[in-house]
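As provided, entry-v7.tsv (TSV, C-alpha atoms) reads as follows.
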```tsv
chain	number	residue	atom	x	y	z
E	1	MET	CA	-95.68	-185.72	-71.59
E	2	ALA	CA	-99.04	-185.87	-69.83
E	3	ASP	CA	-97.43	-186.70	-66.48
E	4	ALA	CA	-94.96	-183.82	-66.80
E	5	PHE	CA	-97.77	-181.45	-67.82
E	6	LEU	CA	-100.01	-182.41	-64.88
E	7	MET	CA	-97.08	-182.22	-62.47
E	8	ALA	CA	-96.21	-178.73	-63.70
E	9	LEU	CA	-99.79	-177.62	-63.05
E	10	ALA	CA	-100.09	-179.23	-59.62
E	11	PRO	CA	-101.20	-176.78	-56.88
E	12	ALA	CA	-97.84	-177.12	-55.10
E	13	GLU	CA	-95.97	-176.36	-58.33
E	14	ILE	CA	-98.13	-173.30	-59.03
E	15	ASP	CA	-97.53	-172.02	-55.51
E	16	ALA	CA	-93.78	-172.61	-55.86
E	17	LEU	CA	-93.79	-170.87	-59.26
E	18	SER	CA	-95.60	-167.90	-57.75
E	19	ARG	CA	-92.99	-167.62	-54.98
E	20	ALA	CA	-90.17	-167.98	-57.50
E	21	ARG	CA	-91.63	-165.21	-59.68
E	22	ARG	CA	-91.90	-162.88	-56.69
E	23	ALA	CA	-88.30	-163.63	-55.73
E	24	GLN	CA	-87.17	-163.07	-59.32
E	25	GLN	CA	-88.99	-159.75	-59.46
E	26	GLN	CA	-87.28	-158.66	-56.24
E	27	VAL	CA	-83.86	-159.60	-57.65
E	28	GLU	CA	-84.57	-157.77	-60.93
E	29	LYS	CA	-85.73	-154.72	-59.01
E	30	ALA	CA	-82.56	-154.74	-56.88
E	31	LEU	CA	-80.34	-155.11	-59.96
E	32	ARG	CA	-82.10	-152.27	-61.75
E	33	SER	CA	-81.84	-150.03	-58.67
E	34	SER	CA	-78.11	-150.81	-58.44
E	35	ALA	CA	-77.62	-150.03	-62.14
E	36	GLU	CA	-79.49	-146.73	-61.77
E	37	ARG	CA	-77.33	-145.73	-58.79
E	38	GLU	CA	-74.19	-146.63	-60.74
E	39	LEU	CA	-75.37	-144.48	-63.64
E	40	GLU	CA	-75.99	-141.53	-61.31
E	41	ARG	CA	-72.51	-141.91	-59.83
E	42	LYS	CA	-70.89	-141.92	-63.27
E	43	ARG	CA	-72.94	-138.89	-64.34
E	44	TYR	CA	-71.75	-137.03	-61.26
E	45	THR	CA	-68.13	-137.97	-62.02
E	46	ALA	CA	-68.55	-136.77	-65.61
E	47	ALA	CA	-70.08	-133.46	-64.45
E	48	LEU	CA	-67.22	-132.96	-61.97
E	49	ALA	CA	-64.66	-133.62	-64.70
E	50	GLU	CA	-66.44	-131.09	-66.93
E	51	ARG	CA	-66.34	-128.37	-64.21
E	52	GLN	CA	-62.64	-129.03	-63.56
E	53	PHE	CA	-61.90	-128.72	-67.28
E	54	ASN	CA	-63.86	-125.47	-67.58
E	55	ARG	CA	-61.98	-123.90	-64.64
E	56	VAL	CA	-58.46	-124.70	-65.90
E	57	ASP	CA	-56.29	-121.99	-67.47
E	58	PRO	CA	-56.36	-122.54	-71.27
E	59	ASP	CA	-52.70	-121.54	-71.46
E	60	ASN	CA	-51.77	-124.51	-69.29
E	61	ARG	CA	-52.16	-126.97	-72.15
E	62	LEU	CA	-50.70	-129.96	-70.31
E	63	VAL	CA	-53.20	-129.77	-67.45
E	64	ALA	CA	-56.06	-128.88	-69.80
E	65	GLY	CA	-55.28	-131.88	-72.00
E	66	GLU	CA	-55.25	-134.24	-69.02
E	67	LEU	CA	-58.55	-132.87	-67.67
E	68	GLU	CA	-60.14	-133.13	-71.11
E	69	ARG	CA	-58.99	-136.74	-71.36
E	70	ARG	CA	-60.58	-137.50	-67.94
E	71	TRP	CA	-63.80	-135.79	-68.99
E	72	GLU	CA	-64.04	-137.86	-72.21
E	73	ALA	CA	-63.36	-141.05	-70.26
E	74	ALA	CA	-66.10	-140.17	-67.76
E	75	LEU	CA	-68.56	-139.45	-70.58
E	76	SER	CA	-67.67	-142.81	-72.16
E	77	GLU	CA	-68.42	-144.58	-68.88
E	78	VAL	CA	-71.77	-142.74	-68.66
E	79	ARG	CA	-72.73	-143.94	-72.15
E	80	ALA	CA	-71.72	-147.51	-71.28
E	81	ALA	CA	-73.80	-147.42	-68.08
E	82	GLU	CA	-76.82	-146.04	-69.98
E	83	GLU	CA	-76.53	-148.79	-72.59
E	84	ALA	CA	-76.23	-151.47	-69.88
E	85	LEU	CA	-79.34	-150.13	-68.14
E	86	ALA	CA	-81.25	-150.10	-71.44
E	87	ARG	CA	-80.23	-153.70	-72.19
E	88	GLN	CA	-81.32	-154.80	-68.73
E	89	ALA	CA	-84.71	-153.16	-69.20
E	90	SER	CA	-85.23	-154.77	-72.63
E	91	ALA	CA	-84.22	-158.20	-71.30
E	92	GLU	CA	-86.86	-158.18	-68.57
E	93	PRO	CA	-89.88	-160.39	-69.36
E	94	VAL	CA	-93.12	-158.77	-70.30
E	95	MET	CA	-94.91	-157.76	-67.14
E	96	GLN	CA	-97.73	-160.19	-66.46
E	97	MET	CA	-101.00	-159.27	-64.89
E	98	ALA	CA	-100.87	-159.93	-61.18
E	99	LEU	CA	-103.43	-162.48	-60.02
E	100	GLY	CA	-105.71	-161.43	-57.22
E	101	LYS	CA	-106.31	-163.75	-54.29
E	102	THR	CA	-109.71	-164.83	-55.59
E	103	LEU	CA	-108.48	-165.57	-59.11
E	104	ASN	CA	-105.38	-167.30	-57.78
E	105	SER	CA	-107.49	-169.60	-55.57
E	106	LYS	CA	-109.62	-170.49	-58.59
E	107	VAL	CA	-106.51	-171.38	-60.58
E	108	VAL	CA	-105.20	-173.60	-57.75
E	109	THR	CA	-108.60	-175.31	-57.40
E	110	LEU	CA	-108.77	-175.98	-61.14
E	111	SER	CA	-105.22	-177.35	-61.22
E	112	GLY	CA	-106.13	-179.75	-58.42
E	113	ARG	CA	-108.98	-181.14	-60.54
E	114	LEU	CA	-106.98	-181.25	-63.76
E	115	PRO	CA	-105.89	-184.93	-63.47
E	116	GLN	CA	-109.54	-185.92	-63.07
E	117	ILE	CA	-110.55	-183.77	-66.04
E	118	TRP	CA	-107.68	-185.20	-68.11
E	119	ALA	CA	-108.73	-188.81	-67.43
E	120	ASP	CA	-112.46	-188.18	-67.97
E	121	ASP	CA	-113.98	-189.93	-70.99
E	122	ALA	CA	-115.66	-186.68	-71.98
E	123	THR	CA	-112.22	-185.11	-72.54
E	124	THR	CA	-111.19	-185.89	-76.11
E	125	ASP	CA	-107.65	-186.20	-77.45
E	126	ALA	CA	-108.17	-182.86	-79.20
E	127	HIS	CA	-108.93	-181.25	-75.83
E	128	ARG	CA	-105.84	-182.84	-74.27
E	129	LYS	CA	-103.63	-181.60	-77.11
E	130	ALA	CA	-105.08	-178.11	-76.73
E	131	LEU	CA	-104.23	-178.17	-73.01
E	132	LEU	CA	-100.66	-179.24	-73.76
E	133	ARG	CA	-100.22	-176.44	-76.31
E	134	CYS	CA	-101.17	-173.90	-73.64
E	135	LEU	CA	-97.98	-174.67	-71.73
E	136	VAL	CA	-95.62	-176.65	-73.98
E	137	GLY	CA	-93.62	-174.93	-76.70
E	138	LYS	CA	-92.00	-178.01	-78.23
E	139	VAL	CA	-90.79	-181.51	-77.40
E	140	VAL	CA	-87.53	-183.04	-78.62
E	141	LEU	CA	-87.21	-186.84	-78.47
E	142	ASP	CA	-83.91	-188.71	-78.71
E	143	ARG	CA	-84.87	-192.35	-79.18
E	144	GLY	CA	-81.36	-193.69	-78.56
E	145	GLU	CA	-80.17	-197.24	-79.20
E	146	HIS	CA	-81.49	-198.96	-76.09
E	147	ASP	CA	-84.60	-198.87	-73.91
E	148	VAL	CA	-84.28	-195.31	-72.60
E	149	ALA	CA	-85.44	-192.31	-74.62
E	150	LEU	CA	-84.35	-188.79	-73.71
E	151	VAL	CA	-87.20	-186.26	-73.79
E	152	ARG	CA	-86.55	-182.52	-73.71
E	153	ILE	CA	-89.65	-180.40	-73.02
E	154	VAL	CA	-89.38	-176.69	-73.81
E	155	TRP	CA	-92.13	-174.86	-71.93
E	156	ARG	CA	-93.61	-171.58	-73.05
E	157	GLY	CA	-91.48	-168.95	-71.37
E	158	GLY	CA	-88.18	-170.74	-72.02
E	159	ALA	CA	-87.97	-173.21	-69.11
E	160	VAL	CA	-86.67	-176.67	-70.05
E	161	THR	CA	-87.39	-180.08	-68.50
E	162	GLU	CA	-85.35	-183.15	-69.41
E	163	LEU	CA	-86.79	-186.61	-68.77
E	164	GLU	CA	-85.70	-190.20	-69.26
E	165	VAL	CA	-88.53	-192.44	-70.46
E	166	LYS	CA	-88.33	-196.23	-70.43
E	167	MET	CA	-89.43	-197.67	-73.77
E	168	LYS	CA	-90.60	-201.12	-74.76
E	169	VAL	CA	-88.05	-203.08	-76.81
E	170	ASN	CA	-88.18	-206.41	-78.60
E	171	SER	CA	-85.36	-208.26	-76.83
E	172	VAL	CA	-83.29	-208.42	-73.66
E	173	ALA	CA	-80.24	-207.44	-75.72
E	174	LYS	CA	-81.84	-204.03	-76.34
E	175	LEU	CA	-82.07	-203.28	-72.62
E	176	THR	CA	-79.44	-200.94	-71.19
E	177	ARG	CA	-78.62	-203.49	-68.48
E	178	GLY	CA	-79.76	-206.50	-70.48
E	179	GLU	CA	-76.51	-208.49	-70.37
E	180	GLU	CA	-76.07	-207.77	-66.67
E	181	MET	CA	-79.62	-209.02	-66.00
E	182	ARG	CA	-79.06	-212.17	-68.07
E	183	VAL	CA	-75.89	-213.12	-66.19
E	184	ARG	CA	-77.55	-212.49	-62.83
E	185	LEU	CA	-80.66	-214.43	-63.89
E	186	LEU	CA	-78.68	-217.50	-64.96
E	187	ASP	CA	-76.69	-217.49	-61.70
E	188	LEU	CA	-79.95	-217.55	-59.70
E	189	ALA	CA	-81.48	-220.19	-61.97
E	190	GLN	CA	-78.46	-222.48	-61.60
E	191	ALA	CA	-78.86	-222.13	-57.84
E	192	GLY	CA	-82.34	-223.64	-58.20
E	193	MET	CA	-84.42	-220.51	-57.49
E	194	PRO	CA	-87.95	-220.56	-59.02
E	195	ASP	CA	-88.76	-218.18	-61.86
E	196	ASP	CA	-91.16	-215.99	-59.88
E	197	GLU	CA	-88.60	-215.48	-57.10
E	198	ILE	CA	-85.88	-214.68	-59.65
E	199	ALA	CA	-88.21	-212.12	-61.25
E	200	ALA	CA	-88.87	-210.51	-57.86
E	201	VAL	CA	-85.12	-210.34	-57.06
E	202	LEU	CA	-84.26	-208.82	-60.44
E	203	THR	CA	-87.06	-206.28	-60.13
E	204	GLN	CA	-85.79	-205.25	-56.70
E	205	GLU	CA	-82.31	-204.78	-58.21
E	206	GLY	CA	-83.71	-202.36	-60.80
E	207	HIS	CA	-84.06	-204.61	-63.84
E	208	ARG	CA	-87.07	-204.90	-66.16
E	209	SER	CA	-88.51	-207.01	-68.95
E	210	PRO	CA	-88.24	-205.79	-72.56
E	211	ASN	CA	-92.02	-205.29	-72.84
E	212	CYS	CA	-92.63	-204.09	-69.26
E	213	ALA	CA	-91.10	-200.87	-67.93
E	214	GLU	CA	-91.85	-201.52	-64.25
E	215	LYS	CA	-90.58	-205.02	-63.46
E	216	VAL	CA	-89.20	-208.35	-64.62
E	217	LEU	CA	-91.91	-210.84	-65.57
E	218	PRO	CA	-91.56	-214.54	-64.71
E	219	ILE	CA	-92.15	-215.41	-68.38
E	220	THR	CA	-89.01	-213.43	-69.26
E	221	VAL	CA	-87.03	-215.42	-66.69
E	222	GLN	CA	-88.41	-218.68	-68.07
E	223	ARG	CA	-87.47	-217.86	-71.67
E	224	ILE	CA	-83.91	-216.88	-70.79
E	225	ARG	CA	-83.49	-219.89	-68.50
E	226	LEU	CA	-84.79	-222.36	-71.07
E	227	GLY	CA	-82.73	-220.69	-73.79
E	228	ALA	CA	-79.63	-221.40	-71.71
E	229	GLY	CA	-80.69	-225.05	-71.30
E	230	ILE	CA	-81.38	-224.83	-67.55
E	231	ARG	CA	-84.22	-227.03	-66.30
E	232	ILE	CA	-85.69	-226.80	-62.80
E	233	THR	CA	-87.67	-229.86	-61.77
E	234	THR	CA	-89.01	-228.22	-58.61
E	235	GLN	CA	-90.44	-225.23	-60.45
E	236	ARG	CA	-93.66	-224.02	-58.87
E	237	ASN	CA	-96.79	-223.38	-60.88
E	238	ARG	CA	-96.91	-219.61	-61.25
E	239	TRP	CA	-100.70	-219.65	-61.56
E	240	THR	CA	-101.27	-221.36	-58.20
E	241	HIS	CA	-103.40	-219.25	-55.88
E	242	LYS	CA	-105.56	-219.54	-52.80
E	243	ALA	CA	-109.19	-220.58	-52.93
E	244	THR	CA	-110.17	-217.07	-51.79
E	245	SER	CA	-109.09	-215.74	-55.21
E	246	LEU	CA	-110.28	-216.32	-58.75
E	247	SER	CA	-108.13	-216.19	-61.87
E	248	ALA	CA	-109.46	-214.40	-64.94
E	249	PRO	CA	-110.51	-217.70	-66.61
E	250	GLN	CA	-112.23	-218.83	-63.39
E	251	LEU	CA	-114.09	-215.53	-63.06
E	252	ALA	CA	-115.14	-215.69	-66.71
E	253	ALA	CA	-116.46	-219.20	-66.19
E	254	ARG	CA	-118.34	-218.10	-63.08
E	255	LEU	CA	-120.03	-215.25	-65.03
E	256	ASN	CA	-120.34	-217.27	-68.25
E	257	ILE	CA	-118.55	-214.58	-70.29
E	258	PRO	CA	-115.49	-214.69	-72.63
E	259	VAL	CA	-112.24	-214.40	-70.72
E	260	ASN	CA	-110.85	-212.11	-73.43
E	261	TRP	CA	-113.50	-209.54	-72.49
E	262	ILE	CA	-111.92	-209.27	-69.02
E	263	TYR	CA	-108.46	-208.70	-70.46
E	264	VAL	CA	-109.79	-206.06	-72.86
E	265	GLN	CA	-111.41	-204.14	-69.97
E	266	ILE	CA	-108.12	-204.27	-68.03
E	267	ARG	CA	-106.09	-203.13	-71.05
E	268	GLN	CA	-108.46	-200.23	-71.75
E	269	LYS	CA	-108.41	-199.27	-68.02
E	270	ARG	CA	-112.13	-199.67	-67.54
E	271	LEU	CA	-111.36	-202.45	-65.05
E	272	LEU	CA	-108.60	-201.45	-62.61
E	273	ILE	CA	-106.84	-204.28	-60.77
E	274	ASP	CA	-103.26	-204.82	-59.61
E	275	ARG	CA	-101.25	-207.48	-61.41
E	276	GLN	CA	-99.61	-210.18	-59.27
E	277	PRO	CA	-95.80	-210.67	-59.31
E	278	THR	CA	-96.44	-213.87	-61.27
E	279	GLY	CA	-98.06	-211.83	-64.04
E	280	ALA	CA	-101.58	-213.13	-63.31
E	281	TYR	CA	-104.68	-211.12	-62.42
E	282	LEU	CA	-106.42	-212.46	-59.33
E	283	PHE	CA	-109.91	-211.42	-58.27
E	284	GLN	CA	-111.34	-211.83	-54.79
E	285	ASN	CA	-113.78	-214.71	-54.63
E	286	SER	CA	-116.55	-212.65	-53.07
E	287	PRO	CA	-120.09	-211.68	-54.11
E	288	SER	CA	-119.21	-207.97	-54.17
E	289	VAL	CA	-116.43	-208.46	-56.73
E	290	ILE	CA	-118.42	-210.88	-58.89
E	291	ASN	CA	-121.47	-208.60	-58.91
E	292	ALA	CA	-119.30	-205.57	-59.69
E	293	VAL	CA	-117.76	-207.25	-62.74
E	294	ARG	CA	-121.23	-208.38	-63.82
E	295	ASP	CA	-122.43	-204.75	-63.60
E	296	LEU	CA	-119.50	-203.66	-65.77
E	297	ARG	CA	-120.35	-206.38	-68.29
E	298	ASN	CA	-123.99	-205.26	-68.35
E	299	HIS	CA	-122.98	-201.59	-68.81
E	300	THR	CA	-124.60	-200.65	-65.51
E	301	ILE	CA	-121.33	-198.95	-64.60
E	302	ARG	CA	-118.62	-197.51	-66.85
E	303	HIS	CA	-115.52	-198.03	-64.70
E	304	LEU	CA	-114.64	-200.39	-61.89
E	305	ASP	CA	-111.75	-200.05	-59.45
E	306	LEU	CA	-111.13	-203.36	-57.65
E	307	ARG	CA	-107.89	-202.17	-56.08
E	308	ILE	CA	-109.68	-200.54	-53.15
E	309	ILE	CA	-111.73	-203.58	-52.16
E	310	GLN	CA	-110.38	-205.15	-48.98
E	311	PRO	CA	-111.15	-208.69	-47.75
E	312	GLN	CA	-114.58	-208.95	-46.12
E	313	GLN	CA	-115.55	-205.58	-47.66
E	314	GLU	CA	-118.87	-205.70	-49.46
E	315	GLY	CA	-118.79	-202.38	-51.30
E	316	TYR	CA	-116.95	-201.35	-54.45
E	317	GLN	CA	-116.17	-198.10	-56.18
E	318	HIS	CA	-117.46	-197.37	-59.65
E	319	VAL	CA	-118.08	-194.39	-61.87
```
Represent the structure contained in this file as C-alpha cells.
Amino acid sequence: MADAFLMALAPAEIDALSRARRAQQQVEKALRSSAERELERKRYTAALAERQFNRVDPDNRLVAGELERRWEAALSEVRAAEEALARQASAEPVMQMALGKTLNSKVVTLSGRLPQIWADDATTDAHRKALLRCLVGKVVLDRGEHDVALVRIVWRGGAVTELEVKMKVNSVAKLTRGEEMRVRLLDLAQAGMPDDEIAAVLTQEGHRSPNCAEKVLPITVQRIRLGAGIRITTQRNRWTHKATSLSAPQLAARLNIPVNWIYVQIRQKRLLIDRQPTGAYLFQNSPSVINAVRDLRNHTIRHLDLRIIQPQQEGYQHV
C-alpha cells in the first residue's frame, strides 16, 4: 500500500496526471460542443416542421396529418437531445481549482520529498495512515490459497489499481510454483550442484522461498534435498568468506557486543546492509565499518547505511 501510494504521488505521476486531466477536459469540452450543435440542429428541424405545418391547408387532412406527425417526431428528438446534454453535464466531475505554476511546483517538490518524510522516524503510524486516507478510498484484499494475494486499491475519484503481492507462507507446498521448484531443485541436487548454486539458479528462474519473497535461500534447498534423502559429500560451507570480510559473529566478537544486537538492528532497518546469496551478512573488515557500527551501538548515530561503502573507502553515511 505504501509503495503504491508513494508511486502515485511521484513527481512524474503528478505531471502525467496533470496532462491526462487537461486532455480529458479537452475531450469533454469537444463532446459538449458537439452535443450542443446537435441540439441546435434538431431545434432548427423542429421549427421548420412547425412552419410547414402552419402553412398547410387545413382542408388537406392527409398532408396536414403527415406534417403534424413530422413535427411531433422532431419535438421528440429535441427533448431527447436536451436530456442527453443535461445528463452529460451532470456526469462531469466537479470542477477543481486550477493550480497556478507556483503552487504546482510546490506540490511537485513536496511529492519528491514524500518518501523521505514517510521513512522518517518523526513520522508516526498515525501520520502515515492520515496520508493514505487523503488519497485512498478503500482497499480490498483477496488472500487466496497460495502465496500471492490480490490487492485492489480504490483511489478517491474512482480510479482503481490492482496489485499482486507475494506473501510469506509456511511451506513449499503453499507456493504457487512450489512443486515445480521442488522437482527442479531435486534434479540439480542429484547432479551434484551445491546448495548455494541451486538457490541462485532457482532465483534466476523466478522461484522463491516460502518465507522470502525475493529469492530462494540455500537453507530451503538444503531442507528439501535432505528431505528427499540426497546427500552431497562435496557440499561447500555456505559461510566461507574472504579474510577481507567479517561475519556478524566475527564483528560482534571484534566489538565485544552480543551478535543478536546486530541482527536486531538489521531487522529494524537501523543498520542497512545487503544480504549475501548464501543468506549471510558480511561486513567489510575495515576500520571505517567497525567504527561506524561502534557509533551505532553507542547511539552516536541513529542509522547506518553500509551498502554505499566501497573497498578502500574510509567514509560512511549515517543519519
ask   = Within 12 Å of Gln276 of chain E, counting all atoms listed in the file, which residues qualify if same-chain residues fewer than 6 places away don't, as a ChimeraX atom specification?
value = /E:196,199-200,215-218,238-241,245,247,282-283,307
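Between atom CA of Ser171 of chain E and atom CA of Arg152 of chain E there is a distance of 26.0 Å.
Distance check against Val140 of chain E using all atoms listed in the file: of E:Leu163, E:Ile230, E:Val172, E:Leu202, the minimum falls on E:Leu163.
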key: Nearest to Ala280 of chain E, chosen from E:Gly229, E:Gly178, E:Gly137, E:Pro249, with only C-alpha atoms counted in the distances   =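 Closest to Ala280 of chain E, using only C-alpha atoms: E:Pro249.
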